[in-house]
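K.L.:
Sending over start_25.cif (mmCIF, C-alpha atoms).
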data_target
loop_
_atom_site.label_atom_id
_atom_site.label_comp_id
_atom_site.auth_asym_id
_atom_site.auth_seq_id
_atom_site.Cartn_x
_atom_site.Cartn_y
_atom_site.Cartn_z
CA MET J 23 0.00 0.00 0.00
CA ALA J 24 1.34 3.41 -0.92
CA LYS J 25 2.57 5.62 1.83
CA PRO J 26 0.38 8.61 2.58
CA ILE J 27 1.56 11.52 0.54
CA GLU J 28 1.78 13.95 3.39
CA ALA J 29 4.29 11.68 5.15
CA GLU J 30 6.57 11.72 2.13
CA HIS J 31 6.58 15.43 1.59
CA GLY J 32 6.43 16.63 5.14
CA ASP J 33 4.36 19.68 5.89
CA LYS J 34 5.66 21.68 2.97
CA PRO J 35 5.68 20.46 -0.60
CA TRP J 36 9.15 20.46 -2.10
CA GLY J 37 9.82 23.23 -4.52
CA ALA J 38 6.51 24.92 -3.75
CA PRO J 39 6.68 28.61 -2.99
CA GLU J 40 5.34 29.99 0.25
CA HIS J 41 1.69 30.84 -0.18
CA PRO J 42 -0.18 33.46 1.71
CA GLU J 43 -3.14 31.13 2.10
CA LYS J 44 -2.12 28.21 4.26
CA HIS J 45 -5.46 26.46 4.37
CA ILE J 46 -7.78 24.77 1.98
CA HIS J 47 -11.50 25.23 2.13
CA LEU J 48 -12.79 21.70 1.71
CA LEU J 49 -16.36 21.24 0.56
CA VAL J 50 -17.82 17.78 0.13
CA VAL J 51 -21.24 17.82 -1.53
CA THR J 52 -23.55 14.88 -2.15
CA PRO J 53 -27.01 15.08 -3.73
CA GLU J 54 -28.57 14.67 -0.30
CA LYS J 55 -26.56 17.13 1.71
CA THR J 56 -23.34 19.01 2.18
CA VAL J 57 -21.33 16.44 4.09
CA LEU J 58 -18.34 18.57 4.92
CA ASP J 59 -17.71 22.29 4.81
CA THR J 60 -14.51 22.93 6.64
CA VAL J 61 -11.00 24.37 6.53
CA VAL J 62 -8.11 21.92 6.37
CA ASP J 63 -4.32 22.06 6.05
CA PHE J 64 -4.10 19.21 3.61
CA VAL J 65 -6.47 17.04 1.67
CA ALA J 66 -5.87 13.76 -0.14
CA ILE J 67 -8.39 12.94 -2.84
CA PRO J 68 -8.88 9.55 -4.47
CA LEU J 69 -8.58 10.21 -8.19
CA TYR J 70 -9.60 7.55 -10.71
CA ASP J 71 -6.01 6.33 -11.03
CA GLY J 72 -4.69 6.88 -7.53
CA GLU J 73 -4.44 9.29 -4.69
CA ALA J 74 -3.61 12.94 -5.13
CA GLY J 75 -2.47 15.13 -2.28
CA ILE J 76 -3.61 18.72 -2.35
CA LEU J 77 -1.79 21.41 -0.43
CA PRO J 78 -2.68 25.08 -0.32
CA GLY J 79 -1.73 26.87 -3.50
CA ARG J 80 -2.05 23.91 -5.81
CA ALA J 81 -2.59 24.61 -9.49
CA PRO J 82 -6.28 24.46 -10.50
CA LEU J 83 -7.48 20.96 -11.17
CA ILE J 84 -10.61 19.16 -12.28
CA GLY J 85 -10.49 15.44 -11.86
CA ARG J 86 -12.58 12.34 -11.95
CA LEU J 87 -12.69 10.42 -8.68
CA GLY J 88 -12.45 6.72 -8.09
CA PHE J 89 -13.63 4.69 -5.14
CA GLY J 90 -11.33 5.44 -2.26
CA GLU J 91 -10.40 7.44 0.73
CA LEU J 92 -10.73 11.18 1.15
CA ARG J 93 -8.56 12.53 3.92
CA GLY J 94 -8.66 16.00 5.35
CA ARG J 95 -5.98 16.91 7.83
CA VAL J 96 -6.18 19.77 10.32
CA GLY J 97 -3.11 19.92 12.57
CA GLN J 98 -2.70 16.37 13.77
CA THR J 99 -6.28 15.21 13.36
CA VAL J 100 -7.27 13.45 10.19
CA ASP J 101 -10.85 13.05 8.96
CA ARG J 102 -11.34 10.03 6.74
CA TYR J 103 -14.21 9.43 4.35
CA PHE J 104 -14.99 6.83 1.76
CA VAL J 105 -15.88 8.52 -1.51
CA ASP J 106 -18.04 6.75 -4.07
CA GLY J 107 -16.68 8.20 -7.29
CA GLY J 108 -17.60 11.65 -8.54
CA PHE J 109 -15.57 14.72 -9.36
CA ALA J 110 -13.12 17.05 -7.70
CA GLN J 111 -12.49 20.67 -8.47
CA VAL J 112 -9.54 22.47 -6.93
CA ARG J 113 -9.18 26.17 -7.45
CA GLY J 114 -7.15 28.62 -5.42
CA ASP J 115 -7.64 27.74 -1.81
CA SER J 116 -10.81 25.74 -2.23
CA ALA J 117 -11.41 22.12 -3.02
CA VAL J 118 -14.88 20.94 -4.00
CA ILE J 119 -15.68 17.24 -3.98
CA LEU J 120 -18.86 16.17 -5.77
CA THR J 121 -19.77 12.60 -5.00
CA PRO J 122 -22.92 10.48 -4.79
CA ARG J 123 -21.91 9.28 -1.32
CA ALA J 124 -19.33 10.18 1.28
CA ILE J 125 -19.28 7.82 4.23
CA PRO J 126 -17.13 8.46 7.32
CA ALA J 127 -14.49 5.71 7.45
CA GLY J 128 -15.66 4.62 10.89
CA GLU J 129 -19.14 3.82 9.59
CA LEU J 130 -18.03 1.53 6.79
CA ASP J 131 -19.12 -2.07 6.84
CA ALA J 132 -16.24 -4.18 5.54
CA ALA J 133 -18.15 -7.44 6.00
CA ALA J 134 -21.00 -6.22 3.79
CA ALA J 135 -18.50 -5.16 1.14
CA GLU J 136 -16.90 -8.62 1.24
CA THR J 137 -20.22 -10.34 0.68
CA ALA J 138 -20.86 -7.88 -2.17
CA ILE J 139 -17.57 -8.94 -3.75
CA LYS J 140 -18.51 -12.61 -3.35
CA THR J 141 -21.90 -12.18 -4.98
CA LEU J 142 -20.44 -10.07 -7.79
CA GLU J 143 -17.68 -12.57 -8.44
CA SER J 144 -20.20 -15.37 -8.73
CA THR J 145 -22.18 -13.54 -11.42
CA LYS J 146 -21.41 -14.18 -15.05
CA PRO J 147 -21.80 -11.03 -17.13
CA THR J 148 -23.31 -11.67 -20.54
CA SER J 149 -22.79 -8.26 -22.14
CA THR J 150 -20.23 -5.48 -22.05
CA LEU J 151 -22.71 -3.34 -20.14
CA GLU J 152 -23.11 -5.96 -17.44
CA SER J 153 -19.41 -6.60 -17.29
CA ALA J 154 -18.74 -2.86 -16.83
CA ASP J 155 -21.33 -2.83 -14.05
CA ARG J 156 -19.66 -5.77 -12.39
CA ASP J 157 -16.20 -4.22 -12.59
CA ARG J 158 -17.54 -1.02 -11.14
CA GLY J 159 -19.20 -2.84 -8.27
CA LEU J 160 -16.04 -4.80 -7.55
CA ALA J 161 -13.83 -1.70 -7.59
CA ARG J 162 -16.27 0.02 -5.30
CA ALA J 163 -16.43 -2.81 -2.77
CA ARG J 164 -12.66 -3.24 -2.81
CA GLY J 165 -12.15 0.47 -2.26
CA MET J 166 -14.56 0.33 0.64
CA ILE J 167 -12.69 -2.55 2.26
CA ARG J 168 -9.37 -0.79 1.75
CA VAL J 169 -10.63 2.33 3.49
CA ALA J 170 -12.30 0.38 6.28
CA ARG J 171 -9.17 -1.63 7.06
CA ARG J 172 -6.73 1.25 7.09
CA LYS J 173 -5.87 2.50 10.55
CA ALA J 174 -6.65 6.13 11.20
CA MET S 11 -85.25 20.65 22.00
CA ALA S 12 -84.74 18.08 19.21
CA LYS S 13 -83.54 20.57 16.62
CA ALA S 14 -81.09 22.34 18.94
CA ARG S 15 -79.59 19.06 20.02
CA ALA S 16 -79.12 17.93 16.40
CA ILE S 17 -77.30 21.17 15.66
CA ILE S 18 -75.01 20.71 18.64
CA LYS S 19 -74.20 17.21 17.49
CA ARG S 20 -73.29 18.46 14.06
CA ARG S 21 -71.18 21.26 15.47
CA ARG S 22 -69.27 18.79 17.59
CA ALA S 23 -68.57 16.67 14.51
CA VAL S 24 -67.36 19.73 12.63
CA GLU S 25 -65.10 20.70 15.49
CA ASN S 26 -63.60 17.21 15.59
CA ILE S 27 -62.90 17.30 11.89
CA ARG S 28 -61.37 20.71 12.30
CA LYS S 29 -58.99 19.31 14.88
CA ILE S 30 -57.92 16.63 12.43
CA THR S 31 -57.46 18.94 9.47
CA ARG S 32 -55.59 21.45 11.61
CA THR S 33 -53.21 18.73 12.81
CA MET S 34 -52.72 17.54 9.25
CA GLU S 35 -51.93 21.07 8.21
CA LEU S 36 -49.31 21.39 10.95
CA ILE S 37 -47.77 18.05 10.03
CA ALA S 38 -47.67 19.03 6.37
CA THR S 39 -46.03 22.34 7.28
CA ASN S 40 -43.39 20.53 9.26
CA ARG S 41 -42.74 18.00 6.52
CA PHE S 42 -42.70 20.73 3.92
CA LYS S 43 -39.93 22.54 5.81
CA LYS S 44 -37.88 19.36 6.00
CA ALA S 45 -38.46 18.55 2.35
CA LEU S 46 -37.53 22.08 1.35
CA THR S 47 -34.28 21.86 3.32
CA ARG S 48 -33.46 18.65 1.48
CA ALA S 49 -34.27 20.23 -1.85
CA THR S 50 -32.05 23.21 -1.04
CA GLU S 51 -29.20 20.92 -0.05
CA ALA S 52 -29.61 19.03 -3.29
CA ALA S 53 -29.58 22.30 -5.21
CA ALA S 54 -26.04 22.90 -3.93
CA TYR S 55 -24.95 19.70 -5.64
CA THR S 56 -26.57 20.51 -8.97
CA ARG S 57 -25.17 24.04 -8.80
CA LYS S 58 -21.63 22.78 -8.29
CA LEU S 59 -22.14 20.26 -11.04
CA ALA S 60 -23.32 23.02 -13.37
CA GLU S 61 -20.25 25.08 -12.47
CA LEU S 62 -18.08 22.13 -13.36
CA VAL S 63 -19.90 21.73 -16.67
CA ALA S 64 -19.45 25.44 -17.37
CA GLU S 65 -15.71 25.13 -16.73
CA LEU S 66 -15.52 22.12 -18.99
CA GLY S 67 -17.61 23.87 -21.61
CA LYS S 68 -14.93 26.51 -21.95
CA THR S 69 -12.52 23.91 -23.21
CA GLU S 70 -14.79 23.67 -26.29
CA GLN S 71 -15.09 19.94 -26.01
CA GLU S 72 -18.11 18.25 -27.46
CA ALA S 73 -19.59 15.72 -25.10
CA SER S 74 -20.51 12.59 -26.94
CA HIS S 75 -22.31 10.05 -24.85
CA PRO S 76 -24.88 7.46 -25.87
CA LEU S 77 -27.32 9.06 -23.41
CA LEU S 78 -27.13 12.33 -25.34
CA VAL S 79 -28.07 10.76 -28.64
CA ALA S 80 -31.72 11.32 -29.48
CA ARG S 81 -33.41 8.53 -31.40
CA ASP S 82 -35.67 9.14 -34.33
CA PRO S 83 -38.29 7.77 -34.63
CA VAL S 84 -39.14 7.00 -31.04
CA ALA S 85 -40.71 3.57 -30.97
CA ARG S 86 -40.88 2.90 -27.26
CA SER S 87 -41.01 5.41 -24.50
CA LEU S 88 -41.34 5.18 -20.77
CA LEU S 89 -43.47 7.49 -18.70
CA LEU S 90 -42.72 7.73 -15.01
CA VAL S 91 -45.52 9.32 -13.01
CA LEU S 92 -44.81 10.69 -9.57
CA THR S 93 -47.85 10.91 -7.33
CA SER S 94 -48.34 10.73 -3.58
CA ASN S 95 -49.20 7.75 -1.44
CA ARG S 96 -51.84 9.63 0.49
CA GLY S 97 -54.71 11.77 -0.60
CA LEU S 98 -56.18 14.94 0.90
CA ALA S 99 -53.70 17.04 -0.97
CA GLY S 100 -56.04 19.17 -3.04
CA GLY S 101 -55.42 19.03 -6.76
CA TYR S 102 -51.89 17.72 -6.41
CA ASN S 103 -52.45 14.21 -7.74
CA SER S 104 -55.14 15.02 -10.27
CA ASN S 105 -52.97 17.69 -11.88
CA VAL S 106 -50.04 15.33 -12.33
CA LEU S 107 -52.30 12.55 -13.56
CA ARG S 108 -53.99 14.84 -16.06
CA ALA S 109 -50.62 15.86 -17.50
CA ALA S 110 -49.47 12.24 -17.55
CA THR S 111 -52.66 10.99 -19.24
CA ALA S 112 -52.39 13.70 -21.89
CA ARG S 113 -48.84 12.59 -22.69
CA HIS S 114 -49.87 8.94 -22.66
CA VAL S 115 -52.76 9.50 -25.06
CA GLU S 116 -50.59 11.67 -27.30
CA GLY S 117 -47.91 8.99 -27.40
CA GLN S 118 -50.37 6.25 -28.24
CA ALA S 119 -51.98 8.37 -30.94
CA SER S 120 -48.63 8.86 -32.68
CA GLY S 121 -47.93 5.14 -32.57
CA VAL S 122 -45.42 5.14 -29.77
CA GLU S 123 -45.53 2.28 -27.33
CA VAL S 124 -45.73 4.02 -23.96
CA LYS S 125 -44.74 2.02 -20.93
CA LEU S 126 -45.97 3.29 -17.62
CA GLU S 127 -44.23 3.37 -14.29
CA VAL S 128 -46.08 4.85 -11.38
CA ALA S 129 -44.87 5.97 -7.99
CA GLY S 130 -47.47 6.57 -5.30
CA LYS S 131 -50.68 4.76 -4.39
CA ARG S 132 -52.94 7.51 -5.73
CA GLY S 133 -51.49 7.18 -9.20
CA ILE S 134 -51.57 3.40 -9.07
CA ASN S 135 -55.26 3.41 -8.18
CA PHE S 136 -56.01 5.96 -10.88
CA PHE S 137 -54.43 3.84 -13.61
CA ARG S 138 -56.08 0.70 -12.28
CA PHE S 139 -59.40 2.47 -12.63
CA ARG S 140 -58.52 3.43 -16.20
CA LYS S 141 -57.57 -0.20 -16.88
CA LEU S 142 -53.98 0.68 -17.70
CA VAL S 143 -51.38 -1.67 -16.33
CA PRO S 144 -48.14 -0.01 -15.22
CA GLN S 145 -44.89 -1.90 -15.79
CA GLU S 146 -43.63 -1.02 -12.36
CA THR S 147 -45.15 0.56 -9.32
CA TYR S 148 -43.39 2.14 -6.39
CA THR S 149 -44.81 3.07 -3.03
CA GLN S 150 -41.61 3.46 -1.04
CA PHE S 151 -40.96 7.08 -1.96
CA GLU S 152 -42.55 9.11 0.78
CA ASP S 153 -41.67 12.68 1.64
CA LYS S 154 -37.99 11.81 1.96
CA PRO S 155 -36.77 10.08 -1.19
CA GLN S 156 -33.29 8.64 -0.63
CA TYR S 157 -30.63 9.26 -3.24
CA ALA S 158 -29.50 5.62 -3.09
CA GLU S 159 -33.02 4.47 -4.11
CA ILE S 160 -33.25 6.98 -6.93
CA GLU S 161 -29.79 6.00 -8.09
CA THR S 162 -30.74 2.35 -8.54
CA LEU S 163 -33.82 3.51 -10.42
CA ALA S 164 -31.70 5.83 -12.58
CA ASP S 165 -29.20 3.05 -13.27
CA ARG S 166 -32.02 0.84 -14.48
CA TYR S 167 -33.31 3.57 -16.82
CA ILE S 168 -29.82 4.17 -18.16
CA LYS S 169 -29.50 0.47 -18.85
CA LEU S 170 -32.91 0.35 -20.53
CA TYR S 171 -31.98 3.31 -22.69
CA LEU S 172 -28.58 1.98 -23.65
CA THR S 173 -29.90 -1.45 -24.55
CA GLY S 174 -32.59 0.16 -26.68
CA ALA S 175 -35.52 -1.09 -24.61
CA ILE S 176 -36.72 2.50 -24.43
CA ASP S 177 -36.04 5.42 -26.74
CA ARG S 178 -37.27 8.13 -24.45
CA LEU S 179 -37.89 8.65 -20.75
CA ASP S 180 -40.50 11.14 -19.61
CA VAL S 181 -41.26 12.04 -16.04
CA ALA S 182 -44.60 13.52 -15.00
CA TYR S 183 -44.27 15.33 -11.70
CA THR S 184 -45.07 18.57 -9.95
CA GLU S 185 -42.33 21.08 -10.40
CA PHE S 186 -41.59 23.29 -7.45
CA THR S 187 -40.91 26.84 -8.58
CA SER S 188 -41.66 28.68 -5.40
CA ILE S 189 -43.80 28.29 -2.32
CA SER S 190 -46.71 29.90 -4.13
CA ARG S 191 -46.14 28.22 -7.46
CA GLN S 192 -46.01 24.52 -8.33
CA THR S 193 -46.94 23.20 -11.73
CA ALA S 194 -47.59 19.71 -12.98
CA VAL S 195 -45.21 19.08 -15.88
CA VAL S 196 -43.97 16.28 -18.11
CA ARG S 197 -40.24 16.50 -18.71
CA THR S 198 -38.10 14.42 -21.03
CA LEU S 199 -35.05 13.24 -19.12
CA LEU S 200 -33.65 10.82 -21.66
CA PRO S 201 -32.19 11.49 -24.14
CA ALA S 202 -30.40 13.99 -21.95
CA THR S 203 -30.86 17.06 -24.12
CA ALA S 204 -27.81 18.94 -22.95
CA LEU S 205 -25.99 19.35 -19.71
CA ASP S 206 -28.43 21.99 -18.56
CA LEU S 207 -29.08 21.62 -14.88
CA GLU S 208 -30.27 25.12 -14.27
CA THR S 209 -32.79 27.57 -15.55
CA PRO S 210 -31.36 29.89 -18.23
CA ALA S 211 -31.23 32.83 -15.79
CA GLN S 212 -29.23 30.85 -13.26
CA ALA S 213 -27.00 29.45 -15.98
CA ALA S 214 -26.23 32.95 -17.25
CA LYS S 215 -25.39 34.03 -13.73
CA SER S 216 -23.06 31.16 -13.02
CA ALA S 217 -21.51 31.49 -16.48
CA ALA S 218 -20.82 35.14 -15.70
CA ALA S 219 -19.28 34.16 -12.38
CA VAL S 220 -17.09 31.62 -14.13
CA LYS S 221 -16.09 34.08 -16.81
CA GLN S 222 -14.86 36.60 -14.27
CA THR S 223 -12.17 34.27 -13.05
CA GLN S 224 -10.45 32.64 -15.96
CA VAL S 225 -8.39 29.78 -14.69
CA SER S 226 -6.61 27.18 -16.72
CA TYR S 227 -7.32 23.82 -15.18
CA GLU S 228 -5.40 20.66 -15.15
CA PHE S 229 -7.80 17.92 -16.23
CA LEU S 230 -7.38 14.43 -14.92
CA PRO S 231 -7.69 12.39 -17.07
CA ASP S 232 -8.93 14.90 -19.70
CA ALA S 233 -11.83 17.29 -20.24
CA GLN S 234 -13.56 15.05 -22.75
CA SER S 235 -13.77 11.99 -20.57
CA ILE S 236 -14.80 14.00 -17.51
CA LEU S 237 -17.58 15.55 -19.55
CA GLU S 238 -18.73 12.11 -20.62
CA GLU S 239 -18.65 10.91 -17.06
CA ILE S 240 -20.79 13.86 -15.99
CA VAL S 241 -23.64 12.94 -18.38
CA PRO S 242 -25.05 10.02 -16.33
CA VAL S 243 -24.30 11.85 -13.08
CA SER S 244 -26.29 14.88 -14.17
CA PHE S 245 -29.13 12.63 -15.32
CA LYS S 246 -29.26 11.08 -11.86
CA ALA S 247 -29.17 14.49 -10.25
CA ARG S 248 -32.08 15.61 -12.44
CA LEU S 249 -34.13 12.53 -11.66
CA PHE S 250 -33.43 13.03 -7.97
CA LYS S 251 -34.53 16.64 -8.28
CA CYS S 252 -37.84 15.48 -9.81
CA PHE S 253 -38.51 13.33 -6.74
CA LEU S 254 -37.51 16.09 -4.35
CA ASP S 255 -39.66 18.62 -6.17
CA ALA S 256 -42.60 16.23 -6.08
CA ALA S 257 -42.11 15.71 -2.34
CA VAL S 258 -41.97 19.43 -1.61
CA SER S 259 -44.97 20.18 -3.83
CA GLU S 260 -47.02 17.41 -2.23
CA GLN S 261 -46.51 18.85 1.21
CA ILE S 262 -47.36 22.35 0.03
CA ALA S 263 -50.50 21.09 -1.69
CA ARG S 264 -51.54 19.26 1.45
CA MET S 265 -50.76 22.26 3.60
CA VAL S 266 -52.92 24.51 1.45
CA ALA S 267 -55.74 21.96 1.19
CA MET S 268 -55.81 21.34 4.92
CA GLY S 269 -55.53 25.04 5.67
CA GLY S 270 -58.63 25.58 3.52
CA ALA S 271 -60.46 22.72 5.19
CA THR S 272 -59.67 24.10 8.64
CA LYS S 273 -60.98 27.50 7.64
CA ASN S 274 -64.15 25.97 6.24
CA ALA S 275 -64.66 24.02 9.43
CA ASP S 276 -64.26 27.24 11.44
CA ASP S 277 -66.87 29.00 9.32
CA LEU S 278 -69.24 26.06 9.53
CA ALA S 279 -68.88 25.84 13.31
CA LYS S 280 -69.65 29.53 13.57
CA THR S 281 -72.78 29.23 11.42
CA LEU S 282 -73.93 26.21 13.39
CA THR S 283 -73.42 28.06 16.68
CA ARG S 284 -75.57 30.87 15.38
CA GLN S 285 -78.27 28.45 14.24
CA TYR S 286 -78.17 26.72 17.58
CA ASN S 287 -78.56 29.97 19.49
CA ARG S 288 -81.50 30.93 17.37
CA ALA S 289 -83.12 27.53 17.82
CA ARG S 290 -82.61 27.71 21.57
CA GLN S 291 -84.04 31.23 21.74
CA ASN S 292 -87.07 30.15 19.71
CA GLN S 293 -87.64 27.31 22.08
CA ILE S 294 -87.44 29.55 25.14
CA THR S 295 -89.83 32.00 23.57
CA ARG S 296 -92.21 29.18 22.77
CA GLU S 297 -92.08 27.80 26.30
CA LEU S 298 -92.61 31.26 27.76
CA ALA S 299 -95.60 31.74 25.50
CA ASP S 300 -96.94 28.40 26.70
CA ILE S 301 -96.52 29.33 30.34
CA VAL S 302 -98.03 32.76 29.87
CA GLY S 303 -100.90 31.21 27.87
CA ALA S 304 -101.54 28.61 30.55
CA ALA S 305 -101.46 31.23 33.31
CA ALA S 306 -103.92 33.38 31.41
CA ALA S 307 -106.25 30.40 30.96
CA LEU S 308 -106.20 29.71 34.69
CA GLU S 309 -107.28 33.19 35.65
#
Write the structure described by the file as structure tokens, please.
P.N.:
Amino acid sequence: MAKPIEAEHGDKPWGAPEHPEKHIHLLVVTPEKTVLDTVVDFVAIPLYDGEAGILPGRAPLIGRLGFGELRGRVGQTVDRYFVDGGFAQVRGDSAVILTPRAIPAGELDAAAAETAIKTLESTKPTSTLESADRDRGLARARGMIRVARRKA
Amino acid sequence: MAKARAIIKRRRAVENIRKITRTMELIATNRFKKALTRATEAAAYTRKLAELVAELGKTEQEASHPLLVARDPVARSLLLVLTSNRGLAGGYNSNVLRAATARHVEGQASGVEVKLEVAGKRGINFFRFRKLVPQETYTQFEDKPQYAEIETLADRYIKLYLTGAIDRLDVAYTEFTSISRQTAVVRTLLPATALDLETPAQAAKSAAAVKQTQVSYEFLPDAQSILEEIVPVSFKARLFKCFLDAAVSEQIARMVAMGGATKNADDLAKTLTRQYNRARQNQITRELADIVGAAAALE
């Protein structure tokens, strides 16, 4: 498992200039409600192909999200969420996460995800559409288990 | 005394009904507030999504997604009708059903096979009475539709559309414009016409806001594929909005209907009180006349 990005880079990103704004305004929006509206020092977002760490002053970014862990760090405390795909938009000192679901890592049910994997693996897709569905479901359940198992 | 007592009995019944309608009004008000909060929260999501689309639009990419492709001619369409599970909501259900029936008849007349899906017991009963058999019926969507439920529904529609089982998806529901304005409408959700999530006025506003701050984004993986990914997401958001709108409008309709009923009951109770007083007075006068008459006869 990859090391968390913030541990590699320390508090300051290498080569990055000092920025007047030291915080990121993190906004996590789902169709049902605004899950998170807070100020963090660092945020790690699960992009479709892996994790991306965002520090204040990052270049603007729009990205597609995969199934994985969203971490917001304030000081020493880290908030962890499982994000169910969606999109991320980073601009200036704000990061907006649009996702169908954001579940706090503590509330994840790894056992349910495992049974989901079992049932999905036992199905035999008969069309490309079904096979895409199956892959999606598998990736989602695996991401959920990964987030649930990781220690805070 | 018989007449006065009958009036009192009626007044008591009216007062009891008033209590019920008043309570229903209060409940509807409460639920309406909750539903409205949910709808407002959901609006934040669609707004952000629209902002994202606006940003992507500036890259001059054309979104090509099978969901955006309109089919001509339309051979099979699906009509989803959103009604309430409970009645006593004024014209709420009948308005939606009228709009839905009009679309259904129109579709059949032009040779389109229209499949029906109905949410809400009132709609189900209506179509049963008209001897139309819906493909699917749903009664689980109350005043708090869950996104997860709508998402599974949306996924099924997407699948139906992609496999060619349907060529068009229409939703008949009550659109919530403002607290004083809700209209029953039939909207075509598939093919997704464009990535328009907002009204033109709102879109212009957010476009202006976007234009003010020109930023060059890094797209991961690239603008095109993000845009394509947004198409089903925005469809789901729109379908969810239909359900939320319907929930808000239902509560408003019930609130208004029950408010009216309470007022009527008040008026009726007042009239009955007046009638009762008159009846009682008449009786007293009559008895007095009797007594006076009898006394006079004795003298």
K.L.:
To verify the selection step, state as a VMD selection string which residues the PyMOL selection byres ((chain S) within 10 of (chain J)) yields on this input.
P.N.:
chain S and resid 47 to 56 58 to 59 61 to 62 65 to 66 155 to 158 161 165 169 172 to 173 225 to 233 235 to 237 239 to 240 243 246 to 247 250 to 251 254
K.L.:
Looking at S:Leu179, S:Ala14, S:Ile30, S:Ile168, which one is nearest to Glu127 of chain S, with distances taken over all atoms listed in the file?
P.N.:
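Ranking S:Leu179, S:Ala14, S:Ile30, S:Ile168 by distance to Glu127 of chain S, first place goes to S:Leu179.
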K.L.:
Around (-17.8, 3.5, 7.5) in the file's frame, which residues reach within 9 Å when counting all atoms listed in the file? Return as a list in words?
P.N.:
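Selection result: Tyr103, Phe104, Ile125, Pro126, Ala127, Gly128, Glu129, Leu130, Asp131, Ala132, Met166, Val169 and Ala170 of chain J.
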K.L.:
Expressed in Å to a single decimal, how great is the separation between atom CA of Lys273 of chain S and atom CA of Gly101 of chain S?
P.N.:
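A separation of 17.6 Å between them.
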K.L.:
Take the point (-28.1, 8.5, -23.4) as written in the file and pick out every residue within 9 Å of it, counting all atoms listed in the file; give the list as JSON, numbers by chain.
P.N.:
{"S": [75, 76, 77, 78, 79, 80, 168, 171, 172, 200, 201, 202, 241, 242]}
K.L.:
Distance atom CA of Val62 of chain J-atom CA of Leu77 of chain J, one decimal place?
P.N.:
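So the answer is 9.3 Å.
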K.L.:
For atom CA of Ala194 of chain S and atom CA of Ala112 of chain S, determine how far apart the two atoms are, in Å to one decimal place.
P.N.:
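Going from atom CA of Ala194 of chain S over to atom CA of Ala112 of chain S covers 11.8 Å.
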K.L.:
Could you give me, as a PyMOL selection string, the residues within 9 Å of Leu88 of chain S, counting only C-alpha atoms and dropping anything in the same chain fewer than 5 positions from it?
P.N.:
chain S and resi 123-127+176-181
K.L.:
Taking only C-alpha atoms into account, which of S:Ala271, S:Ala64, S:Ala263, S:Ala85 comes nearest Thr184 of chain S?
P.N.:
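Between S:Ala271, S:Ala64, S:Ala263, S:Ala85, the residue approaching Thr184 of chain S most closely is S:Ala263.
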K.L.:
Between S:Leu278, S:Val84, S:Met265, S:Ala257, single out the one closest to Thr39 of chain S, counting only C-alpha atoms.
P.N.:
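Once distances to Thr39 of chain S are computed over only C-alpha atoms, the minimum belongs to S:Met265.
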K.L.:
Near Val258 of chain S, counting all atoms listed in the file, which residues have an atom at most 6 Å away, once you skip same-chain residues fewer than 3 positions from it, shown as a VMD selection string?
P.N.:
chain S and resid 42 45 to 46 255 261
K.L.:
Can you pull out every residue within 10 Å of Ala23 of chain S, counting only C-alpha atoms, but drop anything in the same chain fewer than 5 positions away, and send it as a list in words?
P.N.:
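Within the cut-off, the hits are Ile17, Ile18, Arg28, Lys29, Ala275 and Ala279 of chain S.
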K.L.:
For His45 of chain J, which residue out of J:Ala74, J:Ala117, J:Leu142, J:Leu58 is the nearest one, using only C-alpha atoms?
P.N.:
J:Ala117
K.L.:
I'd like the neighbourhood of Arg95 of chain J as a ChimeraX atom specification, where a residue qualifies if any of its atoms comes within 8 Å (using only C-alpha atoms), though same-chain residues fewer than 3 positions away should be ignored.
P.N.:
/J:62-65,98-101
K.L.:
Could you list, as a list in words, every residue matched by the PyMOL selection byres ((chain S and resi 280) around 12) in this structure?
P.N.:
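Those residues are Ile17, Ile18, Arg20, Arg21, Arg22, Val24, Glu25, Lys273, Asn274, Ala275, Asp276, Asp277, Leu278, Ala279, Thr281, Leu282, Thr283, Arg284, Gln285, Tyr286 and Asn287 of chain S.
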K.L.:
Could you check which of S:Leu142, S:Leu249, S:Met34, S:Val195 is closest to Tyr167 of chain S, using only C-alpha atoms?
P.N.:
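When distances to Tyr167 of chain S are compared using only C-alpha atoms, the smallest one comes from S:Leu249.
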K.L.:
If you count all atoms listed in the file, which residues fall within 10 Å of Arg162 of chain J, apart from same-chain ones fewer than 5 positions away, as a VMD selection string?
P.N.:
chain J and resid 88 to 90 104 to 107 135 138 to 139 156 to 157 167 to 168
K.L.:
Looking at S:Ile160, S:Ile262, S:Ile189, S:Ala289, which one is nearest to Arg41 of chain S, with distances taken over all atoms listed in the file?
P.N.:
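Distance minimum relative to Arg41 of chain S lands on S:Ile262.
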